[in-house]
>>> print(open('final-v2.cif').read())   # mmCIF, C-alpha atoms
data_target
#
loop_
_atom_site.label_atom_id
_atom_site.label_comp_id
_atom_site.auth_asym_id
_atom_site.auth_seq_id
_atom_site.Cartn_x
_atom_site.Cartn_y
_atom_site.Cartn_z
CA MET D 1030 194.09 -23.17 26.23
CA LYS D 1031 190.76 -24.50 27.47
CA VAL D 1032 189.25 -22.85 30.54
CA THR D 1033 186.41 -24.39 32.55
CA LEU D 1034 184.67 -22.56 35.38
CA THR D 1035 183.75 -24.44 38.56
CA PRO D 1036 181.89 -23.06 41.60
CA GLY D 1037 184.21 -22.99 44.59
CA GLN D 1038 181.74 -25.11 46.58
CA LYS D 1039 181.89 -27.88 43.99
CA LEU D 1040 185.60 -28.59 43.70
CA SER D 1041 185.90 -32.34 43.18
CA ASN D 1042 188.41 -34.50 45.01
CA ASP D 1043 190.18 -35.14 41.72
CA LEU D 1044 190.62 -31.41 41.09
CA VAL D 1045 191.83 -30.90 44.65
CA ARG D 1046 194.50 -33.59 44.19
CA VAL D 1047 195.77 -31.98 40.98
CA TRP D 1048 195.72 -28.53 42.64
CA ILE D 1049 197.79 -29.76 45.58
CA GLY D 1050 200.25 -31.40 43.21
CA LEU D 1051 200.78 -28.15 41.32
CA GLN D 1052 201.10 -26.15 44.52
CA GLN D 1053 203.63 -28.47 46.13
CA ALA D 1054 205.79 -28.47 42.98
CA ASN D 1055 206.07 -24.65 43.03
CA PRO D 1056 207.99 -23.18 46.01
CA ASP D 1057 206.49 -19.74 45.25
CA LEU D 1058 203.11 -21.15 46.34
CA SER D 1059 204.13 -22.34 49.82
CA SER D 1060 201.70 -20.02 51.64
CA PRO D 1061 198.56 -21.69 53.07
CA TYR D 1062 196.49 -19.19 51.08
CA PHE D 1063 197.37 -21.14 47.93
CA HIS D 1064 196.05 -24.43 49.30
CA PRO D 1065 192.61 -25.47 47.97
CA GLU D 1066 191.32 -25.73 51.53
CA PHE D 1067 191.44 -21.94 51.91
CA THR D 1068 189.38 -21.48 48.74
CA LYS D 1069 186.92 -24.14 49.92
CA VAL D 1070 186.48 -22.42 53.29
CA ILE D 1071 185.75 -19.04 51.69
CA ALA D 1072 183.43 -20.67 49.15
CA ALA D 1073 181.48 -22.20 52.05
CA VAL D 1074 180.64 -18.74 53.41
CA ARG D 1075 180.35 -16.79 50.15
CA HIS D 1076 178.38 -17.58 47.01
CA ASP D 1077 180.64 -15.72 44.56
CA VAL D 1078 183.79 -17.88 44.64
CA GLU D 1079 184.74 -19.56 41.37
CA VAL D 1080 187.71 -21.54 40.13
CA ALA D 1081 188.92 -21.45 36.53
CA VAL D 1082 190.56 -24.72 35.53
CA LEU D 1083 193.11 -24.22 32.73
CA GLU D 1084 193.90 -27.15 30.44
CA SER D 1085 196.41 -27.58 27.64
CA ASP D 1086 196.43 -30.68 25.43
CA GLY D 1087 193.95 -32.32 27.77
CA LYS D 1088 196.09 -31.78 30.87
CA ILE D 1089 195.29 -29.43 33.74
CA VAL D 1090 198.11 -26.87 33.93
CA ALA D 1091 196.72 -24.22 36.28
CA PHE D 1092 193.92 -23.12 38.58
CA PHE D 1093 192.70 -19.54 38.93
CA PRO D 1094 190.54 -19.04 42.05
CA PHE D 1095 188.68 -15.72 42.25
CA GLN D 1096 185.63 -13.92 43.60
CA ARG D 1097 183.17 -12.37 41.21
CA GLU D 1098 182.86 -9.09 43.12
CA GLN D 1099 180.53 -7.74 40.46
CA ARG D 1100 179.14 -9.61 37.50
CA GLU D 1101 182.17 -8.81 35.34
CA ILE D 1102 184.74 -7.66 37.94
CA GLY D 1103 186.82 -10.21 39.86
CA GLY D 1104 188.99 -10.08 42.95
CA PRO D 1105 190.99 -12.42 45.18
CA VAL D 1106 189.30 -15.21 47.09
CA GLY D 1107 188.75 -13.88 50.59
CA GLY D 1108 188.98 -10.25 49.52
CA VAL D 1109 190.40 -8.12 52.33
CA ILE D 1110 191.57 -11.15 54.35
CA SER D 1111 193.59 -12.64 51.47
CA ASP D 1112 197.29 -11.99 52.04
CA TYR D 1113 198.41 -14.04 49.01
CA HIS D 1114 196.66 -14.86 45.74
CA GLY D 1115 197.29 -15.70 42.11
CA LEU D 1116 197.42 -18.69 39.79
CA ILE D 1117 198.18 -22.19 41.02
CA CYS D 1118 200.65 -23.31 38.37
CA ALA D 1119 204.24 -24.30 37.62
CA GLN D 1120 206.95 -21.65 38.09
CA ASP D 1121 207.57 -21.39 34.34
CA PHE D 1122 203.90 -21.28 33.31
CA ARG D 1123 203.09 -18.40 30.97
CA PHE D 1124 199.69 -17.25 29.67
CA LEU D 1125 197.81 -14.27 28.31
CA PRO D 1126 195.90 -12.55 31.14
CA SER D 1127 193.55 -10.99 28.57
CA GLU D 1128 192.60 -14.45 27.31
CA LEU D 1129 192.08 -15.65 30.89
CA LEU D 1130 189.69 -12.74 31.49
CA ARG D 1131 187.81 -13.46 28.30
CA GLN D 1132 187.30 -17.11 29.14
CA THR D 1133 186.27 -16.37 32.74
CA ARG D 1134 183.79 -13.71 31.53
CA LEU D 1135 185.54 -10.95 33.46
CA ASN D 1136 186.28 -7.42 32.32
CA ALA D 1137 188.86 -6.95 35.10
CA TRP D 1138 190.57 -8.70 38.00
CA ASN D 1139 191.86 -6.67 40.97
CA PHE D 1140 194.79 -7.92 43.01
CA ASP D 1141 196.87 -6.55 45.90
CA HIS D 1142 198.92 -9.49 47.22
CA LEU D 1143 200.14 -11.13 44.02
CA PRO D 1144 203.63 -12.71 44.00
CA THR D 1145 205.79 -10.84 41.52
CA SER D 1146 207.17 -14.20 40.38
CA GLN D 1147 203.96 -14.65 38.35
CA LEU D 1148 205.50 -12.81 35.43
CA SER D 1149 202.52 -12.93 33.09
CA PHE D 1150 200.79 -10.38 35.34
CA ALA D 1151 203.82 -8.02 35.41
CA PRO D 1152 202.43 -5.53 32.82
CA PHE D 1153 199.47 -4.91 35.13
CA HIS D 1154 201.41 -4.08 38.32
CA SER D 1155 200.72 -0.63 39.76
CA SER D 1156 202.87 -1.01 42.89
CA ILE D 1157 205.12 -3.55 44.62
CA GLU D 1158 205.61 -3.93 48.38
CA PRO D 1159 207.56 -6.38 50.54
CA SER D 1160 205.97 -8.97 52.77
CA PRO D 1161 208.52 -9.22 55.62
CA GLN D 1162 209.43 -12.69 56.82
CA ILE D 1163 211.28 -14.38 59.65
CA ASP D 1164 213.39 -17.06 57.97
CA LEU D 1165 214.05 -19.90 60.40
CA SER D 1166 215.35 -22.42 57.89
CA ARG D 1167 218.71 -22.50 59.72
CA GLY D 1168 217.13 -22.72 63.15
CA TYR D 1169 215.98 -20.27 65.81
CA HIS D 1170 219.36 -19.76 67.45
CA THR D 1171 221.00 -18.94 64.12
CA TYR D 1172 218.19 -16.43 63.48
CA ILE D 1173 218.83 -14.79 66.87
CA GLN D 1174 222.55 -14.54 66.12
CA GLN D 1175 221.81 -13.02 62.70
CA ARG D 1176 219.58 -10.34 64.18
CA ARG D 1177 222.10 -9.45 66.84
CA GLY D 1178 224.87 -9.40 64.27
CA ALA D 1179 222.79 -7.03 62.13
CA GLY D 1180 222.68 -4.59 65.04
CA SER D 1181 219.04 -5.13 66.01
CA GLU D 1182 218.35 -4.49 69.69
CA GLN D 1183 214.79 -5.87 69.42
CA ILE D 1184 215.64 -9.37 70.70
CA LYS D 1185 217.44 -7.94 73.74
CA LYS D 1186 214.52 -5.61 74.51
CA ILE D 1187 212.02 -8.47 74.27
CA GLY D 1188 214.18 -10.47 76.70
CA ASN D 1189 214.03 -7.56 79.17
CA LEU D 1190 210.24 -7.46 78.79
CA VAL D 1191 210.01 -11.18 79.47
CA ARG D 1192 211.85 -10.80 82.74
CA ARG D 1193 209.72 -7.82 83.72
CA VAL D 1194 206.35 -9.46 83.08
CA GLU D 1195 207.42 -12.63 84.88
CA ARG D 1196 208.55 -10.56 87.84
CA GLU D 1197 205.43 -8.39 88.00
CA VAL D 1198 202.64 -10.71 86.79
CA GLY D 1199 203.74 -14.33 86.72
CA PRO D 1200 205.73 -16.98 84.82
CA LEU D 1201 205.11 -17.07 81.09
CA ARG D 1202 203.44 -20.03 79.44
CA PHE D 1203 203.23 -20.40 75.67
CA VAL D 1204 200.59 -22.54 73.95
CA ALA D 1205 201.49 -23.01 70.29
CA ASP D 1206 198.26 -24.56 68.99
CA SER D 1207 195.21 -24.18 71.21
CA THR D 1208 191.84 -25.72 70.39
CA ASP D 1209 189.96 -23.56 72.93
CA ALA D 1210 187.18 -21.73 71.10
CA ALA D 1211 186.58 -19.42 74.08
CA SER D 1212 190.18 -18.19 73.88
CA LEU D 1213 189.74 -17.58 70.16
CA GLY D 1214 186.74 -15.40 71.01
CA THR D 1215 188.82 -13.44 73.52
CA VAL D 1216 191.67 -12.90 71.05
CA LEU D 1217 189.35 -11.78 68.24
CA GLY D 1218 187.45 -9.57 70.69
CA TRP D 1219 190.68 -7.74 71.52
CA LYS D 1220 191.36 -7.43 67.80
CA SER D 1221 187.90 -5.98 67.16
CA ASP D 1222 188.46 -3.37 69.85
CA GLN D 1223 191.82 -2.52 68.25
CA TYR D 1224 190.18 -2.10 64.82
CA ARG D 1225 187.48 0.18 66.22
CA GLN D 1226 189.95 2.31 68.18
CA SER D 1227 192.09 2.77 65.07
CA GLY D 1228 189.07 4.12 63.19
CA ASN D 1229 189.40 1.52 60.43
CA GLY D 1230 186.22 -0.36 61.24
CA ASP D 1231 185.87 -3.81 62.76
CA LEU D 1232 186.87 -6.44 60.21
CA PHE D 1233 184.94 -9.11 62.07
CA ALA D 1234 181.72 -7.12 61.85
CA SER D 1235 181.36 -8.81 58.44
CA GLY D 1236 179.59 -12.03 59.29
CA TRP D 1237 181.21 -14.05 56.54
CA ILE D 1238 184.71 -13.10 57.72
CA ARG D 1239 184.07 -14.26 61.28
CA GLU D 1240 182.47 -17.45 59.98
CA ALA D 1241 185.47 -18.05 57.71
CA VAL D 1242 187.85 -17.61 60.67
CA ASP D 1243 185.82 -20.08 62.74
CA ARG D 1244 185.97 -22.60 59.91
CA ILE D 1245 189.72 -22.14 59.46
CA PHE D 1246 190.13 -22.58 63.23
CA ALA D 1247 188.53 -26.01 62.81
CA THR D 1248 190.60 -26.84 59.70
CA HIS D 1249 193.53 -29.21 60.07
CA ALA D 1250 194.38 -30.13 56.49
CA ASP D 1251 197.94 -31.03 55.57
CA GLY D 1252 199.06 -27.78 53.98
CA CYS D 1253 196.39 -25.49 55.44
CA SER D 1254 195.68 -25.54 59.14
CA GLY D 1255 194.35 -22.92 61.53
CA MET D 1256 196.58 -22.19 64.52
CA LEU D 1257 195.65 -20.29 67.67
CA SER D 1258 198.71 -19.42 69.77
CA LEU D 1259 198.36 -18.07 73.29
CA LEU D 1260 200.64 -16.40 75.85
CA TYR D 1261 199.86 -16.55 79.56
CA ALA D 1262 201.50 -14.75 82.47
CA GLY D 1263 200.64 -16.91 85.43
CA ASP D 1264 196.99 -17.84 84.89
CA ARG D 1265 196.26 -14.67 82.92
CA LEU D 1266 195.94 -14.68 79.13
CA ILE D 1267 197.84 -11.60 77.93
CA ALA D 1268 198.22 -12.14 74.16
CA GLY D 1269 197.08 -14.34 71.34
CA HIS D 1270 197.50 -14.85 67.64
CA PHE D 1271 195.29 -16.62 65.14
CA GLY D 1272 196.83 -17.55 61.82
CA MET D 1273 197.33 -20.35 59.35
CA ARG D 1274 200.20 -22.63 58.53
CA SER D 1275 201.18 -24.77 55.59
CA ARG D 1276 203.96 -27.33 55.62
CA GLN D 1277 206.66 -24.68 55.63
CA VAL D 1278 205.00 -21.31 56.22
CA TRP D 1279 203.30 -19.99 59.35
CA HIS D 1280 201.31 -16.95 58.31
CA TYR D 1281 201.05 -14.15 60.87
CA TRP D 1282 197.45 -12.98 60.56
CA PHE D 1283 195.44 -11.73 63.57
CA PRO D 1284 197.64 -10.87 66.59
CA SER D 1285 196.12 -9.13 69.62
CA TYR D 1286 196.73 -8.64 73.32
CA ASP D 1287 195.13 -7.61 76.59
CA PRO D 1288 195.28 -3.77 76.59
CA GLN D 1289 195.94 -3.83 80.34
CA ALA D 1290 199.19 -5.67 79.63
CA ALA D 1291 200.29 -3.33 76.84
CA LYS D 1292 203.31 -2.00 78.74
CA TYR D 1293 204.93 -5.44 78.47
CA SER D 1294 204.53 -5.62 74.64
CA PRO D 1295 203.03 -9.12 74.99
CA GLY D 1296 202.39 -9.37 71.25
CA LEU D 1297 206.12 -9.14 70.53
CA ILE D 1298 206.93 -11.69 73.22
CA LEU D 1299 204.36 -14.04 71.69
CA LEU D 1300 205.78 -13.57 68.19
CA LEU D 1301 209.28 -14.47 69.39
CA LYS D 1302 207.87 -17.54 71.17
CA MET D 1303 206.26 -18.55 67.88
CA ALA D 1304 209.60 -18.13 66.10
CA GLU D 1305 211.30 -20.30 68.70
CA HIS D 1306 208.64 -23.01 68.29
CA ALA D 1307 208.32 -22.89 64.47
CA PRO D 1308 211.25 -25.20 63.58
CA ALA D 1309 209.82 -27.90 65.86
CA ILE D 1310 206.71 -28.13 63.65
CA GLY D 1311 208.62 -27.86 60.38
CA ALA D 1312 207.77 -24.22 59.69
CA GLN D 1313 210.76 -22.52 58.08
CA ILE D 1314 209.11 -19.13 57.52
CA ILE D 1315 206.88 -16.89 59.59
CA ASP D 1316 205.37 -14.52 57.07
CA LEU D 1317 204.50 -11.22 58.76
CA GLY D 1318 202.25 -9.93 55.98
CA LYS D 1319 202.61 -7.15 53.43
CA GLY D 1320 203.85 -3.74 54.51
CA LEU D 1321 206.67 -2.46 56.68
CA SER D 1322 206.38 -1.32 60.28
CA PRO D 1323 209.08 -0.77 62.93
CA TYR D 1324 208.68 -4.15 64.63
CA LYS D 1325 208.73 -5.98 61.30
CA GLU D 1326 211.86 -4.16 60.16
CA ARG D 1327 213.62 -5.09 63.42
CA LEU D 1328 212.65 -8.78 63.34
CA MET D 1329 212.61 -9.63 59.62
CA ASN D 1330 215.55 -11.26 57.89
CA SER D 1331 213.87 -11.99 54.55
CA CYS D 1332 210.86 -10.95 52.48
CA SER D 1333 208.76 -11.78 49.45
CA SER D 1334 207.58 -9.21 46.89
CA LEU D 1335 203.86 -8.69 46.36
CA ALA D 1336 202.21 -6.62 43.65
CA SER D 1337 198.99 -4.63 43.49
CA GLY D 1338 197.20 -3.80 40.28
CA ARG D 1339 194.33 -4.55 37.97
CA VAL D 1340 194.19 -6.83 34.96
CA GLU D 1341 192.00 -5.30 32.29
CA PRO D 1342 192.04 -4.48 28.58
CA PRO D 1343 193.93 -1.27 27.64
CA TRP D 1344 190.75 0.48 26.51
CA ARG D 1345 189.18 0.02 29.95
CA SER D 1346 192.31 1.46 31.59
CA PHE D 1347 192.07 4.46 29.29
CA ARG D 1348 188.40 5.01 30.09
CA ARG D 1349 189.06 4.82 33.83
CA ARG D 1350 191.87 7.37 33.51
CA VAL D 1351 189.52 9.67 31.61
CA TRP D 1352 186.94 9.35 34.37
CA ARG D 1353 189.52 10.12 37.08
CA ILE D 1354 190.64 13.22 35.18
CA LEU D 1355 187.04 14.39 34.78
CA ARG D 1356 186.34 13.78 38.44
CA SER D 1357 189.47 15.65 39.49
CA ARG D 1358 188.88 18.66 37.24
CA LEU D 1359 185.11 18.98 37.47
CA GLY D 1360 184.25 17.45 40.83
CA ASN D 1361 185.96 20.27 42.74
CA SER D 1362 185.10 23.01 40.26
CA SER D 1363 182.71 25.90 40.75
CA PHE D 1364 179.97 23.77 39.20
CA GLY D 1365 179.87 21.95 42.53
CA PRO D 1366 177.01 19.49 43.13
CA PRO D 1367 175.69 19.46 39.53
CA ALA D 1368 179.13 18.39 38.30
CA ARG D 1369 179.28 15.57 40.82
CA VAL D 1370 175.80 14.35 39.85
CA ALA D 1371 176.83 14.36 36.19
CA LEU D 1372 180.02 12.45 36.98
CA GLU D 1373 178.12 9.77 38.87
CA TRP D 1374 175.80 9.41 35.87
CA LEU D 1375 178.81 9.10 33.55
CA ARG D 1376 180.79 6.69 35.72
CA PRO D 1377 179.15 3.38 34.67
CA ARG D 1378 179.26 4.49 31.03
CA ILE D 1379 182.96 5.31 31.20
CA GLY D 1380 183.89 2.20 33.24
#
>>> encode(input="final-v2.cif", output="structure tokens")
Amino acid sequence: MKVTLTPGQKLSNDLVRVWIGLQQANPDLSSPYFHPEFTKVIAAVRHDVEVAVLESDGKIVAFFPFQREQREIGGPVGGVISDYHGLICAQDFRFLPSELLRQTRLNAWNFDHLPTSQLSFAPFHSSIEPSPQIDLSRGYHTYIQQRRGAGSEQIKKIGNLVRRVEREVGPLRFVADSTDAASLGTVLGWKSDQYRQSGNGDLFASGWIREAVDRIFATHADGCSGMLSLLYAGDRLIAGHFGMRSRQVWHYWFPSYDPQAAKYSPGLILLLKMAEHAPAIGAQIIDLGKGLSPYKERLMNSCSSLASGRVEPPWRSFRRRVWRILRSRLGNSSFGPPARVALEWLRPRIG
């Protein structure tokens, strides 16, 4: 296996064509995150994005996009905003992750949204979680019937909320794909407020993340396109969602709503409007993102499995476990601050 490293900003048109061909031939890679356009957008706002091109017998067989988070530690392209990542390859492609690390000059690669179908990474999984989905491949009305047949009252409750908001505020109007940059700013502003109120920190405070979102908003590639969806009650914008779509998958990414309209659950109304519209644009799946929550459990009718973990040589795993044990046993001991200072000195030497 020959591996060649290419800066993410310098992907040639020829490489992009091969990448797209591999992606389209593998149904496990239908998410827009696996399209080269996503990697190119992140590479345009970060200097640490690289792509490993894997060749066998002179033929390109896979691409491995990653960020060099530290000189010898890699992570997914997009970091915290990457909801899917992994190799771009055929379904049956197998390789040695240790050899991939060696040839990319990495000591480790961290992942947290890796499809479990990429079996070569299986020994390095530390946990697996579902990414709930709304499967609309049989149409919206069939989906509604399935949810009702499964005993979910969520659709009925959303219908009641629709009638209430139209009665009290104004008729609803859904815009599936808005190009209004000012509305994008409003939607992301609501999301920033939500982040701050939750105590998790504002994701968009990172300049490169906001710039990446703006670039994706302007992206309309076949297979990776930004989509801003809006919900109005009368003339009032009450909810919005910014995400991405590929040919078949609409990825649910940054939903938010006007806090003053919270009693109407406008975000849920908007999501159901998106589900109703999805088949019309060829989207068979709305992927709600990794992790379960009550609204996802009530609306989902399918899911994918995503793994978290770290690819690294066994000796590095052992050294990290040793360090964690030392930190646990000494860091809280009666030695107090001197022990913590010693542990911080040891950490880079242990790995």
>>> resolve_selection(input="final-v2.cif", expression="the PyMOL selection byres ((chain D and resi 1122) around 9)", output="list in words")
Val1090, Ala1091, Cys1118, Ala1119, Gln1120, Asp1121, Arg1123, Phe1124, Gln1147, Leu1148 and Ser1149 of chain D
>>> closest_atom_pairs(input="final-v2.cif", of="segment 1224-1294 of chain D", to="segment 1301-1312 of chain D", cutoff="12 Å", atoms="all atoms listed in the file", output="tab-separated table")
residue	atom	partner	partner_atom	distance
D:Gly1252	CA	D:Ala1312	CA	11.0
D:Met1256	CA	D:Met1303	CA	10.9
D:Leu1257	CA	D:Met1303	CA	10.8
D:Ser1258	CA	D:Met1303	CA	7.8
D:Leu1259	CA	D:Met1303	CA	9.6
D:Leu1260	CA	D:Lys1302	CA	8.7
D:Tyr1261	CA	D:Lys1302	CA	11.6
D:Ala1268	CA	D:Lys1302	CA	11.5
D:Gly1269	CA	D:Met1303	CA	10.7
D:His1270	CA	D:Met1303	CA	9.5
D:Phe1271	CA	D:Met1303	CA	11.5
D:Gly1272	CA	D:Met1303	CA	11.3
D:Met1273	CA	D:Ala1312	CA	11.1
D:Arg1274	CA	D:Ala1312	CA	7.8
D:Ser1275	CA	D:Ala1312	CA	7.8
D:Arg1276	CA	D:Ala1312	CA	6.4
D:Gln1277	CA	D:Ala1312	CA	4.2
D:Val1278	CA	D:Ala1312	CA	5.3
D:Trp1279	CA	D:Ala1312	CA	6.2
D:His1280	CA	D:Ala1312	CA	9.8
D:Tyr1281	CA	D:Met1303	CA	9.8
D:Pro1284	CA	D:Met1303	CA	11.6
D:Ser1294	CA	D:Leu1301	CA	11.3
>>> closest_residue(input="final-v2.cif", among="D:Ile1110, D:Leu1299, D:Ile1267, D:Leu1040", to="Val1242 of chain D", atoms="only C-alpha atoms")
D:Ile1110
>>> atom_distance(input="final-v2.cif", atom1="atom CA of Ser1235 of chain D", atom2="atom CA of Gly1338 of chain D")
24.6 Å
>>> closest_residue(input="final-v2.cif", among="D:Ile1245, D:Leu1129, D:Ile1173, D:Ala1234", to="Lys1185 of chain D", atoms="only C-alpha atoms")
D:Ile1173
>>> atom_distance(input="final-v2.cif", atom1="atom CA of His1154 of chain D", atom2="atom CA of Lys1319 of chain D")
15.5 Å
>>> closest_residue(input="final-v2.cif", among="D:Glu1341, D:Glu1084, D:Asp1209, D:Asp1251", to="Glu1066 of chain D", atoms="only C-alpha atoms")
D:Asp1251
>>> residues_around(input="final-v2.cif", residues="Ala1262 of chain D", least_positions_apart="4", cutoff="6 Å", atoms="all atoms listed in the file", output="list of chain:residue names")
D:Gly1199, D:Pro1200, D:Leu1201
>>> build_atoms(input="final-v2.cif", residues="segment 1056-1076 of chain D", atoms="N, CA and C atoms", output="PDB file, in the coordinates of the input")
ATOM      1  N   PRO D1056     207.644 -23.771  44.706  1.00  0.00           N
ATOM      2  CA  PRO D1056     207.990 -23.180  46.010  1.00  0.00           C
ATOM      3  C   PRO D1056     207.438 -21.768  46.202  1.00  0.00           C
ATOM      4  N   ASP D1057     207.074 -21.077  45.108  1.00  0.00           N
ATOM      5  CA  ASP D1057     206.490 -19.740  45.250  1.00  0.00           C
ATOM      6  C   ASP D1057     205.074 -19.790  45.807  1.00  0.00           C
ATOM      7  N   LEU D1058     204.495 -20.992  45.891  1.00  0.00           N
ATOM      8  CA  LEU D1058     203.110 -21.150  46.340  1.00  0.00           C
ATOM      9  C   LEU D1058     203.043 -21.840  47.709  1.00  0.00           C
ATOM     10  N   SER D1059     204.058 -21.633  48.537  1.00  0.00           N
ATOM     11  CA  SER D1059     204.130 -22.340  49.820  1.00  0.00           C
ATOM     12  C   SER D1059     203.192 -21.780  50.885  1.00  0.00           C
ATOM     13  N   SER D1060     202.620 -20.608  50.656  1.00  0.00           N
ATOM     14  CA  SER D1060     201.700 -20.020  51.640  1.00  0.00           C
ATOM     15  C   SER D1060     200.421 -20.853  51.741  1.00  0.00           C
ATOM     16  N   PRO D1061     199.831 -20.948  52.931  1.00  0.00           N
ATOM     17  CA  PRO D1061     198.560 -21.690  53.070  1.00  0.00           C
ATOM     18  C   PRO D1061     197.425 -21.076  52.268  1.00  0.00           C
ATOM     19  N   TYR D1062     197.546 -19.811  51.898  1.00  0.00           N
ATOM     20  CA  TYR D1062     196.490 -19.190  51.080  1.00  0.00           C
ATOM     21  C   TYR D1062     196.350 -19.872  49.722  1.00  0.00           C
ATOM     22  N   PHE D1063     197.413 -20.501  49.239  1.00  0.00           N
ATOM     23  CA  PHE D1063     197.370 -21.140  47.930  1.00  0.00           C
ATOM     24  C   PHE D1063     196.843 -22.565  47.991  1.00  0.00           C
ATOM     25  N   HIS D1064     196.586 -23.074  49.161  1.00  0.00           N
ATOM     26  CA  HIS D1064     196.050 -24.430  49.300  1.00  0.00           C
ATOM     27  C   HIS D1064     194.562 -24.421  48.953  1.00  0.00           C
ATOM     28  N   PRO D1065     194.050 -25.479  48.325  1.00  0.00           N
ATOM     29  CA  PRO D1065     192.610 -25.470  47.970  1.00  0.00           C
ATOM     30  C   PRO D1065     191.695 -25.382  49.171  1.00  0.00           C
ATOM     31  N   GLU D1066     192.172 -25.770  50.346  1.00  0.00           N
ATOM     32  CA  GLU D1066     191.320 -25.730  51.530  1.00  0.00           C
ATOM     33  C   GLU D1066     190.909 -24.295  51.856  1.00  0.00           C
ATOM     34  N   PHE D1067     191.804 -23.332  51.649  1.00  0.00           N
ATOM     35  CA  PHE D1067     191.440 -21.940  51.910  1.00  0.00           C
ATOM     36  C   PHE D1067     190.311 -21.497  50.977  1.00  0.00           C
ATOM     37  N   THR D1068     190.433 -21.818  49.698  1.00  0.00           N
ATOM     38  CA  THR D1068     189.380 -21.480  48.740  1.00  0.00           C
ATOM     39  C   THR D1068     188.064 -22.157  49.113  1.00  0.00           C
ATOM     40  N   LYS D1069     188.128 -23.410  49.541  1.00  0.00           N
ATOM     41  CA  LYS D1069     186.920 -24.140  49.920  1.00  0.00           C
ATOM     42  C   LYS D1069     186.249 -23.513  51.137  1.00  0.00           C
ATOM     43  N   VAL D1070     187.042 -23.059  52.098  1.00  0.00           N
ATOM     44  CA  VAL D1070     186.480 -22.420  53.290  1.00  0.00           C
ATOM     45  C   VAL D1070     185.753 -21.130  52.908  1.00  0.00           C
ATOM     46  N   ILE D1071     186.401 -20.302  52.092  1.00  0.00           N
ATOM     47  CA  ILE D1071     185.750 -19.040  51.690  1.00  0.00           C
ATOM     48  C   ILE D1071     184.507 -19.320  50.856  1.00  0.00           C
ATOM     49  N   ALA D1072     184.590 -20.325  49.983  1.00  0.00           N
ATOM     50  CA  ALA D1072     183.430 -20.670  49.150  1.00  0.00           C
ATOM     51  C   ALA D1072     182.252 -21.155  50.001  1.00  0.00           C
ATOM     52  N   ALA D1073     182.548 -21.717  51.177  1.00  0.00           N
ATOM     53  CA  ALA D1073     181.480 -22.200  52.050  1.00  0.00           C
ATOM     54  C   ALA D1073     180.708 -21.066  52.705  1.00  0.00           C
ATOM     55  N   VAL D1074     181.304 -19.863  52.748  1.00  0.00           N
ATOM     56  CA  VAL D1074     180.640 -18.740  53.410  1.00  0.00           C
ATOM     57  C   VAL D1074     180.283 -17.611  52.444  1.00  0.00           C
ATOM     58  N   ARG D1075     180.685 -17.772  51.187  1.00  0.00           N
ATOM     59  CA  ARG D1075     180.350 -16.790  50.150  1.00  0.00           C
ATOM     60  C   ARG D1075     179.866 -17.528  48.907  1.00  0.00           C
ATOM     61  N   HIS D1076     178.945 -16.924  48.182  1.00  0.00           N
ATOM     62  CA  HIS D1076     178.380 -17.580  47.010  1.00  0.00           C
ATOM     63  C   HIS D1076     179.083 -17.206  45.709  1.00  0.00           C
TER      64      HIS D1076
END
